[in-house]
Amino acid sequence: MNKPAKPDALDREIVEALRGQLPAVAELVVAAVIDEVPSYTDAWNGPMGTTIAEAVRLALGGFVYLIGAGGASDAGTPLQPALDGAYALGRGEARSGRTMEALLAAYRVGARVAWREMSATAVTAKLPADQLARFAEFVFAYIDELSAASAFGHADELATTGRVRARYLERLAQDLLSGAPDDALVGAADRADWQPPEAIVAVLLPSSQVRAALSGLDPRTLEVTDESRDAADADTWSVLLVPSEGRSARQFLLRHLAGRNAVVGPARPWLRAAASYQRAKRVVALASDTAGAAVDSEAHLAWLVCTADPDALADLRRQALAPLSDLRPATAERLVDTLRSWLLHQGRREEVAADLVVHPQTVRYRMTQLRELYGDALSDPRTIGELTIALAIS
């Protein structure tokens with residue numbers, strides 16, 4: 001920005017008159033800002049009011065010094081405290097959650113009031129017209145400098161706060177995944193200024209899909225890299241902890257994640273988000289068979305139950321199929337397929353035949369073999385239950 005020509009150093013008497021006017025001008029500036037900028041009406045009653053009043057005093061004092069010195073300044077002059085005060089004001093606005101709009105409006109009001117009062121003093125002291133015009137330009141150029149300093153302070157505070165909060169949010173997500181104690185999770189949420197939802201759904205998906213997936217989700221959604229995934233994977237995996245409210249929210253989430261190779265855990269109270277994450281991790285193995293569609297863990301509960309203990313499932317299968325152990329492998333395989341279909345179709349021969357693509361008489365023959373091998377056990381509910389579980393996961 002090209003600044004206007006700075007005024008020549010003013011006569012000492014004018015400068016002293018302006019300096020003596022500073023307390024009254026500062027009070028008028030504060031009163032005008034309170035009256036004309038609604039955002040600051042309440043701010044003056046707390047610590048922020050003291051900060052702003054001090055900044056007004058520093059700004060006016062720095063200005064009077066500059067015009068007394070003909071505009072010359074360096075880091076050691078009263079201008080620097082004024083710029084520092086403006087910078088601090090900008091940071092304070094950001095910490096208060098306000099934009100720069102109100103502060104810039106306050107600067108405009110302050111410039112107008114200060115110019116009105118100071119120019120009256122200058123005119124009374126018979127300041128030449130050309131000097132008065134340059135004096136006016138310098139007033140508003142000075143306000144621009146203060147505004148710029150505040151804008152820098154505001155931006156710096158947002159950047160700093162954003163980085164700190166991002167670290168807090170990441171730590172919160174990690175604590176949730178690790179199942180930290182409730183009091184630790186509540187404290188982490190408070191530090192991150194994060195409003196907990198009633199429930200959370202953990203979503204596992206490739207990191208390359210995260211940005212697109214986040215669009216449209218609740219802004220409270222937390223993200224963290226899934227360190228437990230195989231480091232040899234071509235793409236790293238991330239976990240999204242998505243706030244969830246009701247069944248419709250889940251249906252929306254599944255539609256939103258379609259085509260992203262995502263795995264969606266169950267909804268759990270936010271303090272139990274780790275349970276949703278652990279469930280999603282177990283279902284990841286199914287994602288490779290879905291052609292990119294979102295995998296809903298709730299649709300695979302039977303599979304989860306049957307595979308919860310692989311060793312126990314193997315033992316159960318071996319025990320349940322023991323009557324077939326002495327048969328030739330090919331024969332045993334055909335009978336296992338027939339038994340599985342018979343269980344699934346509740347013994348309806350025509351449906352079993354259609355499922356196996358064989359003649360109904362073939363089904364009858366095989367079932368005769370199975371009854372000879374199992375005896376009365378095929379009428380025992382406990383045996384039927386064990387066979388159903390043993391053959392559910394092929």
# chains A, B, ... in the order shown; residues from 1 in each chain; ligands from 1
call {"tool": "residues_around", "arguments": {"residues": "Ala188 of chain A", "least_positions_apart": "2", "cutoff": "12 Å", "atoms": "only C-alpha atoms", "output": "PyMOL selection string"}}
result
chain A and resi 165+167-176+180-186+190-196+271
call {"tool": "residues_around", "arguments": {"residues": "Ala114 of chain A", "least_positions_apart": "3", "cutoff": "8 Å", "atoms": "only C-alpha atoms", "output": "list in words"}}
result
Val25, Ala26, Val29, Gly110, Ala111, Glu117 and Met118 of chain A
call {"tool": "residues_around", "arguments": {"residues": "Leu83 of chain A", "least_positions_apart": "5", "cutoff": "8 Å", "atoms": "only C-alpha atoms", "output": "mmCIF file with N, CA, C and O atoms, in the first residue's frame"}}
result
data_model
loop_
_atom_site.group_PDB
_atom_site.id
_atom_site.type_symbol
_atom_site.label_atom_id
_atom_site.label_comp_id
_atom_site.auth_asym_id
_atom_site.auth_seq_id
_atom_site.Cartn_x
_atom_site.Cartn_y
_atom_site.Cartn_z
ATOM 1 N N ALA A 59 -2.521 3.727 20.868
ATOM 2 C CA ALA A 59 -2.637 4.132 19.467
ATOM 3 C C ALA A 59 -2.627 5.654 19.334
ATOM 4 O O ALA A 59 -1.919 6.217 18.486
ATOM 5 N N GLU A 145 -2.485 0.966 9.220
ATOM 6 C CA GLU A 145 -1.373 0.191 9.788
ATOM 7 C C GLU A 145 -1.836 -0.583 11.008
ATOM 8 O O GLU A 145 -1.484 -1.762 11.184
ATOM 9 N N LEU A 146 -2.605 0.065 11.867
ATOM 10 C CA LEU A 146 -3.109 -0.637 13.041
ATOM 11 C C LEU A 146 -4.049 -1.777 12.647
ATOM 12 O O LEU A 146 -4.001 -2.873 13.234
ATOM 13 N N ALA A 149 -2.006 -4.688 11.493
ATOM 14 C CA ALA A 149 -1.386 -5.383 12.623
ATOM 15 C C ALA A 149 -2.401 -6.286 13.329
ATOM 16 O O ALA A 149 -2.091 -7.418 13.706
#
call {"tool": "residues_around", "arguments": {"residues": "Trp342 of chain A", "least_positions_apart": "5", "cutoff": "9 Å", "atoms": "only C-alpha atoms", "output": "PDB file with C-alpha atoms, in the first residue's frame"}}
result
ATOM      1  CA  ASP A 337     -22.336 -79.945   0.645  1.00  0.00           C
ATOM      2  CA  GLY A 347     -34.906 -80.561   4.631  1.00  0.00           C
ATOM      3  CA  ARG A 348     -36.990 -79.501   1.598  1.00  0.00           C
ATOM      4  CA  ARG A 349     -35.675 -81.973  -0.982  1.00  0.00           C
ATOM      5  CA  GLU A 351     -34.964 -76.913  -2.929  1.00  0.00           C
ATOM      6  CA  VAL A 352     -31.845 -78.825  -1.922  1.00  0.00           C
ATOM      7  CA  VAL A 363     -30.458 -85.870  -2.585  1.00  0.00           C
ATOM      8  CA  MET A 367     -29.366 -88.121   2.939  1.00  0.00           C
TER       9      MET A 367
END
call {"tool": "residues_around", "arguments": {"residues": "segment 277-281 of chain A", "least_positions_apart": "5", "cutoff": "6 Å", "atoms": "only C-alpha atoms", "output": "number ranges by chain"}}
result
A: 202, 263-265
call {"tool": "closest_residue", "arguments": {"among": "A:Lys126, A:Leu205, A:His154, A:Arg112", "to": "Arg95 of chain A", "atoms": "only C-alpha atoms"}}
result
A:His154
call {"tool": "residues_around", "arguments": {"residues": "segment 121-125 of chain A", "least_positions_apart": "2", "cutoff": "8 Å", "atoms": "only C-alpha atoms", "output": "ChimeraX atom specification"}}
result
/A:14,17-18,117-119,127,132
call {"tool": "select_by_dssp", "arguments": {"residues": "segment 100-302 of chain A", "states": "alpha helix (DSSP H)", "output": "short mmCIF file (atom, residue, chain, number, x, y, z; two decimals) with N, CA, C and O atoms, in the first residue's frame"}}
result
data_model
loop_
_atom_site.label_atom_id
_atom_site.label_comp_id
_atom_site.auth_asym_id
_atom_site.auth_seq_id
_atom_site.Cartn_x
_atom_site.Cartn_y
_atom_site.Cartn_z
N GLU A 101 -14.42 -8.45 11.58
CA GLU A 101 -15.38 -7.45 11.13
C GLU A 101 -15.66 -6.40 12.20
O GLU A 101 -15.64 -5.19 11.93
N ALA A 102 -15.91 -6.86 13.44
CA ALA A 102 -16.25 -5.90 14.50
C ALA A 102 -15.06 -5.01 14.82
O ALA A 102 -15.22 -3.79 15.02
N LEU A 103 -13.85 -5.57 14.87
CA LEU A 103 -12.67 -4.78 15.20
C LEU A 103 -12.39 -3.74 14.12
O LEU A 103 -12.04 -2.59 14.42
N LEU A 104 -12.54 -4.12 12.86
CA LEU A 104 -12.32 -3.14 11.78
C LEU A 104 -13.36 -2.02 11.84
O LEU A 104 -13.04 -0.85 11.57
N ALA A 105 -14.60 -2.38 12.20
CA ALA A 105 -15.62 -1.34 12.36
C ALA A 105 -15.25 -0.40 13.50
O ALA A 105 -15.43 0.82 13.41
N ALA A 106 -14.68 -0.96 14.59
CA ALA A 106 -14.25 -0.13 15.71
C ALA A 106 -13.13 0.81 15.29
O ALA A 106 -13.09 1.98 15.72
N TYR A 107 -12.22 0.32 14.45
CA TYR A 107 -11.14 1.20 13.96
C TYR A 107 -11.72 2.35 13.14
O TYR A 107 -11.27 3.50 13.26
N ARG A 108 -12.70 2.07 12.31
CA ARG A 108 -13.29 3.13 11.49
C ARG A 108 -13.97 4.18 12.37
O ARG A 108 -13.83 5.39 12.15
N VAL A 109 -14.72 3.70 13.36
CA VAL A 109 -15.38 4.63 14.28
C VAL A 109 -14.34 5.44 15.04
O VAL A 109 -14.44 6.67 15.18
N GLY A 110 -13.31 4.77 15.54
CA GLY A 110 -12.27 5.46 16.29
C GLY A 110 -11.54 6.49 15.46
O GLY A 110 -11.24 7.61 15.95
N ALA A 111 -11.26 6.16 14.20
CA ALA A 111 -10.56 7.12 13.32
C ALA A 111 -11.41 8.37 13.10
O ALA A 111 -10.90 9.50 13.12
N ARG A 112 -12.71 8.15 12.91
CA ARG A 112 -13.59 9.29 12.65
C ARG A 112 -13.66 10.21 13.87
O ARG A 112 -13.55 11.44 13.75
N VAL A 113 -13.83 9.62 15.06
CA VAL A 113 -13.94 10.43 16.28
C VAL A 113 -12.62 11.13 16.58
O VAL A 113 -12.58 12.32 16.90
N ALA A 114 -11.51 10.38 16.46
CA ALA A 114 -10.20 10.98 16.75
C ALA A 114 -9.91 12.13 15.79
O ALA A 114 -9.40 13.19 16.19
N TRP A 115 -10.22 11.94 14.51
CA TRP A 115 -9.98 12.99 13.52
C TRP A 115 -10.84 14.21 13.83
O TRP A 115 -10.37 15.36 13.76
N ARG A 116 -12.09 13.99 14.17
CA ARG A 116 -12.98 15.12 14.47
C ARG A 116 -12.44 15.95 15.62
O ARG A 116 -12.38 17.19 15.54
N GLU A 117 -11.99 15.32 16.69
CA GLU A 117 -11.53 16.04 17.87
C GLU A 117 -10.16 16.68 17.63
O GLU A 117 -9.92 17.84 17.97
N MET A 118 -9.23 15.92 17.03
CA MET A 118 -7.88 16.45 16.83
C MET A 118 -7.83 17.53 15.76
O MET A 118 -7.07 18.50 15.86
N SER A 119 -8.65 17.35 14.73
CA SER A 119 -8.65 18.38 13.69
C SER A 119 -9.19 19.71 14.22
O SER A 119 -8.75 20.79 13.81
N ALA A 120 -10.15 19.62 15.15
CA ALA A 120 -10.68 20.85 15.74
C ALA A 120 -9.57 21.58 16.48
O ALA A 120 -9.45 22.81 16.39
N THR A 121 -8.72 20.84 17.20
CA THR A 121 -7.58 21.45 17.90
C THR A 121 -6.60 22.05 16.91
O THR A 121 -6.08 23.16 17.11
N ALA A 122 -6.35 21.33 15.80
CA ALA A 122 -5.40 21.82 14.79
C ALA A 122 -5.92 23.09 14.13
O ALA A 122 -5.16 24.03 13.86
N VAL A 123 -7.22 23.14 13.84
CA VAL A 123 -7.80 24.32 13.21
C VAL A 123 -7.73 25.52 14.17
O VAL A 123 -7.39 26.64 13.76
N THR A 124 -8.03 25.26 15.44
CA THR A 124 -7.96 26.34 16.44
C THR A 124 -6.55 26.89 16.51
O THR A 124 -6.34 28.11 16.70
N ALA A 129 -3.86 24.98 5.67
CA ALA A 129 -4.79 24.06 5.01
C ALA A 129 -4.08 22.85 4.41
O ALA A 129 -4.56 21.71 4.49
N ASP A 130 -2.90 23.08 3.73
CA ASP A 130 -2.22 21.95 3.10
C ASP A 130 -1.72 20.95 4.16
O ASP A 130 -1.76 19.74 3.98
N GLN A 131 -1.25 21.50 5.30
CA GLN A 131 -0.80 20.63 6.38
C GLN A 131 -1.99 19.87 7.00
O GLN A 131 -1.87 18.70 7.36
N LEU A 132 -3.13 20.55 7.07
CA LEU A 132 -4.31 19.91 7.64
C LEU A 132 -4.76 18.74 6.76
O LEU A 132 -5.16 17.68 7.27
N ALA A 133 -4.69 18.93 5.42
CA ALA A 133 -5.09 17.86 4.50
C ALA A 133 -4.16 16.66 4.64
O ALA A 133 -4.61 15.50 4.68
N ARG A 134 -2.85 16.93 4.70
CA ARG A 134 -1.90 15.82 4.85
C ARG A 134 -2.05 15.17 6.22
O ARG A 134 -1.84 13.97 6.39
N PHE A 135 -2.39 15.98 7.20
CA PHE A 135 -2.64 15.47 8.53
C PHE A 135 -3.79 14.45 8.49
O PHE A 135 -3.73 13.37 9.09
N ALA A 136 -4.88 14.78 7.76
CA ALA A 136 -6.03 13.89 7.63
C ALA A 136 -5.64 12.57 6.96
O ALA A 136 -6.03 11.48 7.40
N GLU A 137 -4.84 12.69 5.89
CA GLU A 137 -4.40 11.47 5.19
C GLU A 137 -3.58 10.58 6.12
O GLU A 137 -3.72 9.34 6.12
N PHE A 138 -2.75 11.21 6.93
CA PHE A 138 -1.89 10.45 7.81
C PHE A 138 -2.70 9.74 8.90
O PHE A 138 -2.38 8.63 9.31
N VAL A 139 -3.77 10.40 9.38
CA VAL A 139 -4.64 9.77 10.38
C VAL A 139 -5.14 8.42 9.86
O VAL A 139 -5.05 7.39 10.53
N PHE A 140 -5.67 8.44 8.64
CA PHE A 140 -6.30 7.22 8.12
C PHE A 140 -5.27 6.21 7.63
O PHE A 140 -5.52 4.99 7.68
N ALA A 141 -4.09 6.67 7.20
CA ALA A 141 -3.02 5.73 6.87
C ALA A 141 -2.54 5.03 8.14
O ALA A 141 -2.24 3.83 8.14
N TYR A 142 -2.49 5.77 9.23
CA TYR A 142 -2.07 5.20 10.52
C TYR A 142 -3.08 4.14 10.98
O TYR A 142 -2.71 3.06 11.44
N ILE A 143 -4.35 4.44 10.80
CA ILE A 143 -5.39 3.47 11.16
C ILE A 143 -5.25 2.21 10.31
O ILE A 143 -5.45 1.09 10.77
N ASP A 144 -4.89 2.38 9.03
CA ASP A 144 -4.67 1.21 8.17
C ASP A 144 -3.55 0.34 8.72
O ASP A 144 -3.62 -0.90 8.67
N GLU A 145 -2.48 0.97 9.22
CA GLU A 145 -1.37 0.19 9.79
C GLU A 145 -1.84 -0.58 11.01
O GLU A 145 -1.48 -1.76 11.18
N LEU A 146 -2.60 0.06 11.87
CA LEU A 146 -3.11 -0.64 13.04
C LEU A 146 -4.05 -1.78 12.65
O LEU A 146 -4.00 -2.87 13.23
N SER A 147 -4.90 -1.54 11.65
CA SER A 147 -5.82 -2.58 11.19
C SER A 147 -5.04 -3.78 10.66
O SER A 147 -5.40 -4.94 10.91
N ALA A 148 -3.98 -3.49 9.89
CA ALA A 148 -3.17 -4.58 9.34
C ALA A 148 -2.51 -5.38 10.46
O ALA A 148 -2.46 -6.62 10.41
N ALA A 149 -2.01 -4.69 11.49
CA ALA A 149 -1.39 -5.38 12.62
C ALA A 149 -2.40 -6.29 13.33
O ALA A 149 -2.09 -7.42 13.71
N SER A 150 -3.63 -5.80 13.49
CA SER A 150 -4.67 -6.61 14.12
C SER A 150 -5.02 -7.82 13.25
O SER A 150 -5.26 -8.92 13.76
N ALA A 151 -5.08 -7.61 11.95
CA ALA A 151 -5.39 -8.71 11.04
C ALA A 151 -4.33 -9.81 11.14
O ALA A 151 -4.64 -11.00 11.14
N PHE A 152 -3.05 -9.38 11.22
CA PHE A 152 -1.97 -10.37 11.39
C PHE A 152 -2.14 -11.13 12.71
O PHE A 152 -1.96 -12.35 12.77
N GLY A 153 -2.47 -10.40 13.77
CA GLY A 153 -2.65 -11.05 15.06
C GLY A 153 -3.80 -12.05 15.04
O GLY A 153 -3.70 -13.15 15.58
N HIS A 154 -4.88 -11.66 14.39
CA HIS A 154 -6.05 -12.54 14.27
C HIS A 154 -5.69 -13.81 13.51
O HIS A 154 -6.02 -14.93 13.94
N ALA A 155 -5.00 -13.63 12.38
CA ALA A 155 -4.61 -14.79 11.57
C ALA A 155 -3.64 -15.70 12.32
O ALA A 155 -3.75 -16.93 12.27
N ASP A 156 -2.67 -15.09 13.03
CA ASP A 156 -1.70 -15.89 13.77
C ASP A 156 -2.38 -16.70 14.88
O ASP A 156 -2.05 -17.86 15.11
N GLU A 157 -3.32 -16.07 15.57
CA GLU A 157 -4.02 -16.77 16.66
C GLU A 157 -4.83 -17.94 16.11
O GLU A 157 -4.83 -19.04 16.68
N LEU A 158 -5.52 -17.70 14.99
CA LEU A 158 -6.30 -18.79 14.39
C LEU A 158 -5.40 -19.94 13.97
O LEU A 158 -5.74 -21.12 14.18
N ALA A 159 -4.25 -19.59 13.38
CA ALA A 159 -3.33 -20.64 12.95
C ALA A 159 -2.79 -21.42 14.14
O ALA A 159 -2.75 -22.66 14.14
N THR A 160 -2.39 -20.69 15.18
CA THR A 160 -1.85 -21.35 16.38
C THR A 160 -2.92 -22.19 17.06
O THR A 160 -2.70 -23.36 17.39
N THR A 161 -4.10 -21.59 17.25
CA THR A 161 -5.20 -22.31 17.90
C THR A 161 -5.59 -23.53 17.09
O THR A 161 -5.87 -24.60 17.64
N GLY A 162 -5.63 -23.36 15.77
CA GLY A 162 -5.99 -24.48 14.90
C GLY A 162 -5.02 -25.63 15.04
O GLY A 162 -5.43 -26.80 15.12
N ARG A 163 -3.71 -25.32 15.08
CA ARG A 163 -2.72 -26.39 15.21
C ARG A 163 -2.83 -27.09 16.57
O ARG A 163 -2.77 -28.31 16.65
N VAL A 164 -3.00 -26.29 17.62
CA VAL A 164 -3.10 -26.87 18.95
C VAL A 164 -4.36 -27.73 19.05
O VAL A 164 -4.32 -28.87 19.56
N ARG A 165 -5.49 -27.21 18.56
CA ARG A 165 -6.74 -27.97 18.65
C ARG A 165 -6.66 -29.24 17.81
O ARG A 165 -7.18 -30.29 18.20
N ALA A 166 -6.00 -29.14 16.64
CA ALA A 166 -5.85 -30.34 15.81
C ALA A 166 -5.09 -31.43 16.55
O ALA A 166 -5.43 -32.62 16.46
N ARG A 167 -4.06 -31.02 17.31
CA ARG A 167 -3.31 -32.01 18.09
C ARG A 167 -4.19 -32.61 19.20
O ARG A 167 -4.15 -33.81 19.47
N TYR A 168 -4.98 -31.75 19.83
CA TYR A 168 -5.88 -32.25 20.88
C TYR A 168 -6.92 -33.22 20.31
O TYR A 168 -7.25 -34.24 20.92
N LEU A 169 -7.45 -32.88 19.13
CA LEU A 169 -8.45 -33.74 18.51
C LEU A 169 -7.85 -35.09 18.11
O LEU A 169 -8.49 -36.14 18.27
N GLU A 170 -6.62 -35.05 17.60
CA GLU A 170 -5.97 -36.30 17.22
C GLU A 170 -5.71 -37.16 18.45
O GLU A 170 -5.91 -38.39 18.42
N ARG A 171 -5.29 -36.52 19.55
CA ARG A 171 -5.05 -37.27 20.78
C ARG A 171 -6.36 -37.86 21.30
O ARG A 171 -6.40 -39.01 21.78
N LEU A 172 -7.44 -37.09 21.22
CA LEU A 172 -8.75 -37.60 21.64
C LEU A 172 -9.13 -38.83 20.82
O LEU A 172 -9.60 -39.83 21.38
N ALA A 173 -8.93 -38.75 19.50
CA ALA A 173 -9.27 -39.89 18.65
C ALA A 173 -8.46 -41.12 19.03
O ALA A 173 -8.99 -42.24 19.10
N GLN A 174 -7.18 -40.93 19.28
CA GLN A 174 -6.33 -42.05 19.68
C GLN A 174 -6.77 -42.65 21.01
O GLN A 174 -6.79 -43.87 21.18
N ASP A 175 -7.14 -41.78 21.95
CA ASP A 175 -7.62 -42.26 23.25
C ASP A 175 -8.92 -43.05 23.10
O ASP A 175 -9.13 -44.06 23.78
N LEU A 176 -9.79 -42.57 22.22
CA LEU A 176 -11.05 -43.29 21.99
C LEU A 176 -10.79 -44.67 21.40
O LEU A 176 -11.41 -45.67 21.81
N LEU A 177 -9.87 -44.75 20.44
CA LEU A 177 -9.58 -46.04 19.81
C LEU A 177 -8.92 -47.01 20.78
O LEU A 177 -9.12 -48.22 20.68
N SER A 178 -8.14 -46.48 21.70
CA SER A 178 -7.43 -47.35 22.64
C SER A 178 -8.30 -47.74 23.83
O SER A 178 -7.89 -48.56 24.65
N ASP A 182 -12.92 -43.56 31.19
CA ASP A 182 -13.93 -42.54 30.91
C ASP A 182 -13.48 -41.14 31.32
O ASP A 182 -13.68 -40.17 30.58
N ASP A 183 -12.86 -41.00 32.51
CA ASP A 183 -12.47 -39.66 32.96
C ASP A 183 -11.40 -39.07 32.06
O ASP A 183 -11.38 -37.86 31.80
N ALA A 184 -10.51 -39.92 31.53
CA ALA A 184 -9.48 -39.43 30.61
C ALA A 184 -10.11 -38.97 29.30
O ALA A 184 -9.70 -37.96 28.71
N LEU A 185 -11.12 -39.69 28.84
CA LEU A 185 -11.79 -39.32 27.58
C LEU A 185 -12.56 -38.01 27.74
O LEU A 185 -12.54 -37.15 26.85
N VAL A 186 -13.25 -37.86 28.87
CA VAL A 186 -13.99 -36.61 29.12
C VAL A 186 -13.02 -35.43 29.17
O VAL A 186 -13.28 -34.36 28.59
N GLY A 187 -11.88 -35.61 29.84
CA GLY A 187 -10.89 -34.54 29.91
C GLY A 187 -10.31 -34.22 28.55
O GLY A 187 -10.12 -33.04 28.20
N ALA A 188 -10.04 -35.24 27.75
CA ALA A 188 -9.50 -35.02 26.40
C ALA A 188 -10.50 -34.27 25.53
O ALA A 188 -10.13 -33.40 24.73
N ALA A 189 -11.78 -34.60 25.66
CA ALA A 189 -12.81 -33.91 24.89
C ALA A 189 -12.90 -32.44 25.29
O ALA A 189 -13.05 -31.56 24.44
N ASP A 190 -12.78 -32.16 26.60
CA ASP A 190 -12.81 -30.77 27.07
C ASP A 190 -11.62 -29.99 26.53
O ASP A 190 -11.78 -28.85 26.07
N ARG A 191 -10.43 -30.58 26.58
CA ARG A 191 -9.24 -29.88 26.09
C ARG A 191 -9.35 -29.59 24.60
O ARG A 191 -8.87 -28.57 24.11
N VAL A 210 -10.30 -40.37 2.42
CA VAL A 210 -10.77 -39.63 3.60
C VAL A 210 -11.34 -38.27 3.25
O VAL A 210 -12.43 -37.89 3.70
N ARG A 211 -10.62 -37.49 2.44
CA ARG A 211 -11.06 -36.12 2.15
C ARG A 211 -12.46 -36.11 1.55
O ARG A 211 -13.33 -35.34 1.95
N ALA A 212 -12.67 -36.99 0.56
CA ALA A 212 -13.98 -37.04 -0.08
C ALA A 212 -15.04 -37.54 0.89
O ALA A 212 -16.18 -37.06 0.88
N ALA A 213 -14.67 -38.49 1.75
CA ALA A 213 -15.64 -39.04 2.69
C ALA A 213 -16.06 -38.02 3.73
O ALA A 213 -17.23 -37.98 4.15
N LEU A 214 -15.13 -37.15 4.17
CA LEU A 214 -15.45 -36.17 5.21
C LEU A 214 -16.47 -35.14 4.74
O LEU A 214 -17.20 -34.57 5.54
N GLY A 246 -29.38 -42.30 15.42
CA GLY A 246 -30.51 -43.02 14.86
C GLY A 246 -30.20 -43.84 13.63
O GLY A 246 -29.14 -43.74 13.02
N ARG A 247 -31.17 -44.68 13.26
CA ARG A 247 -31.02 -45.60 12.14
C ARG A 247 -30.86 -44.87 10.82
O ARG A 247 -30.10 -45.29 9.95
N SER A 248 -31.59 -43.78 10.63
CA SER A 248 -31.51 -43.05 9.36
C SER A 248 -30.12 -42.50 9.14
O SER A 248 -29.64 -42.43 8.00
N ALA A 249 -29.44 -42.11 10.24
CA ALA A 249 -28.08 -41.59 10.11
C ALA A 249 -27.15 -42.69 9.58
O ALA A 249 -26.27 -42.43 8.76
N ARG A 250 -27.38 -43.92 10.02
CA ARG A 250 -26.55 -45.03 9.55
C ARG A 250 -26.78 -45.29 8.06
O ARG A 250 -25.85 -45.53 7.30
N GLN A 251 -28.04 -45.26 7.66
CA GLN A 251 -28.34 -45.49 6.24
C GLN A 251 -27.71 -44.40 5.37
O GLN A 251 -27.18 -44.68 4.29
N PHE A 252 -27.76 -43.15 5.85
CA PHE A 252 -27.10 -42.07 5.11
C PHE A 252 -25.61 -42.32 5.01
O PHE A 252 -25.00 -42.15 3.95
N LEU A 253 -25.00 -42.74 6.12
CA LEU A 253 -23.55 -42.97 6.14
C LEU A 253 -23.17 -44.06 5.16
O LEU A 253 -22.20 -43.93 4.41
N LEU A 254 -23.93 -45.15 5.11
CA LEU A 254 -23.63 -46.25 4.19
C LEU A 254 -23.74 -45.79 2.74
O LEU A 254 -22.91 -46.14 1.90
N ARG A 255 -24.77 -44.99 2.45
CA ARG A 255 -24.90 -44.48 1.07
C ARG A 255 -23.75 -43.52 0.76
O ARG A 255 -23.19 -43.54 -0.35
N HIS A 256 -23.40 -42.69 1.72
CA HIS A 256 -22.35 -41.69 1.51
C HIS A 256 -20.99 -42.35 1.24
O HIS A 256 -20.17 -41.81 0.48
N ALA A 273 -16.39 -45.99 21.91
CA ALA A 273 -16.07 -45.97 20.47
C ALA A 273 -15.08 -47.07 20.10
O ALA A 273 -15.08 -47.57 18.97
N ALA A 274 -14.23 -47.47 21.03
CA ALA A 274 -13.24 -48.52 20.75
C ALA A 274 -13.91 -49.82 20.33
O ALA A 274 -13.38 -50.56 19.50
N ALA A 275 -15.10 -50.10 20.89
CA ALA A 275 -15.81 -51.33 20.52
C ALA A 275 -16.24 -51.30 19.07
O ALA A 275 -16.17 -52.31 18.36
N SER A 276 -16.68 -50.14 18.60
CA SER A 276 -17.06 -50.01 17.19
C SER A 276 -15.84 -50.19 16.29
O SER A 276 -15.91 -50.84 15.24
N TYR A 277 -14.73 -49.61 16.72
CA TYR A 277 -13.47 -49.74 15.95
C TYR A 277 -13.02 -51.20 15.87
O TYR A 277 -12.66 -51.70 14.79
N GLN A 278 -13.04 -51.91 16.98
CA GLN A 278 -12.61 -53.31 16.98
C GLN A 278 -13.52 -54.16 16.09
O GLN A 278 -13.04 -55.05 15.39
N ARG A 279 -14.82 -53.89 16.11
CA ARG A 279 -15.74 -54.61 15.24
C ARG A 279 -15.43 -54.34 13.77
O ARG A 279 -15.38 -55.27 12.96
N ALA A 280 -15.20 -53.07 13.43
CA ALA A 280 -14.90 -52.73 12.04
C ALA A 280 -13.62 -53.42 11.58
O ALA A 280 -13.53 -53.90 10.44
N LYS A 281 -12.61 -53.49 12.46
CA LYS A 281 -11.35 -54.14 12.09
C LYS A 281 -11.57 -55.61 11.75
O LYS A 281 -10.93 -56.14 10.83
N ARG A 282 -12.47 -56.26 12.46
CA ARG A 282 -12.71 -57.67 12.20
C ARG A 282 -13.39 -57.90 10.85
O ARG A 282 -13.23 -58.96 10.25
N VAL A 283 -14.15 -56.93 10.40
CA VAL A 283 -14.92 -57.10 9.16
C VAL A 283 -14.13 -56.66 7.93
O VAL A 283 -14.55 -56.87 6.80
N LEU A 301 -23.25 -60.17 11.33
CA LEU A 301 -23.14 -60.57 12.73
C LEU A 301 -22.93 -62.08 12.89
O LEU A 301 -22.15 -62.53 13.73
N ALA A 302 -23.65 -62.87 12.07
CA ALA A 302 -23.48 -64.33 12.17
C ALA A 302 -22.06 -64.73 11.81
O ALA A 302 -21.44 -65.58 12.48
#
call {"tool": "atom_distance", "arguments": {"atom1": "atom CA of Pro81 of chain A", "atom2": "atom CA of Ser39 of chain A"}}
result
24.9 Å
call {"tool": "atom_distance", "arguments": {"atom1": "atom CA of Leu89 of chain A", "atom2": "atom CA of Phe63 of chain A"}}
result
17.5 Å
call {"tool": "closest_residue", "arguments": {"among": "A:His359, A:Arg334, A:Arg272, A:Arg91", "to": "Gly179 of chain A", "atoms": "only C-alpha atoms"}}
result
A:Arg272
call {"tool": "atom_distance", "arguments": {"atom1": "atom CA of Ala332 of chain A", "atom2": "atom CA of Pro310 of chain A"}}
result
21.9 Å
call {"tool": "residues_around", "arguments": {"residues": "Asp311 of chain A", "least_positions_apart": "6", "cutoff": "12 Å", "atoms": "only C-alpha atoms", "output": "PyMOL selection string"}}
result
chain A and resi 317-318+390
call {"tool": "select_by_dssp", "arguments": {"residues": "segment 231-392 of chain A", "states": "strand (DSSP E)", "output": "list in words"}}
result
Trp237, Ser238, Val239, Leu240, Leu241, Val242, Pro243, Ser244, Val263, Val264, Gly265, Pro266, Ala267, Arg268, Pro269, Val295 and Asp296 of chain A
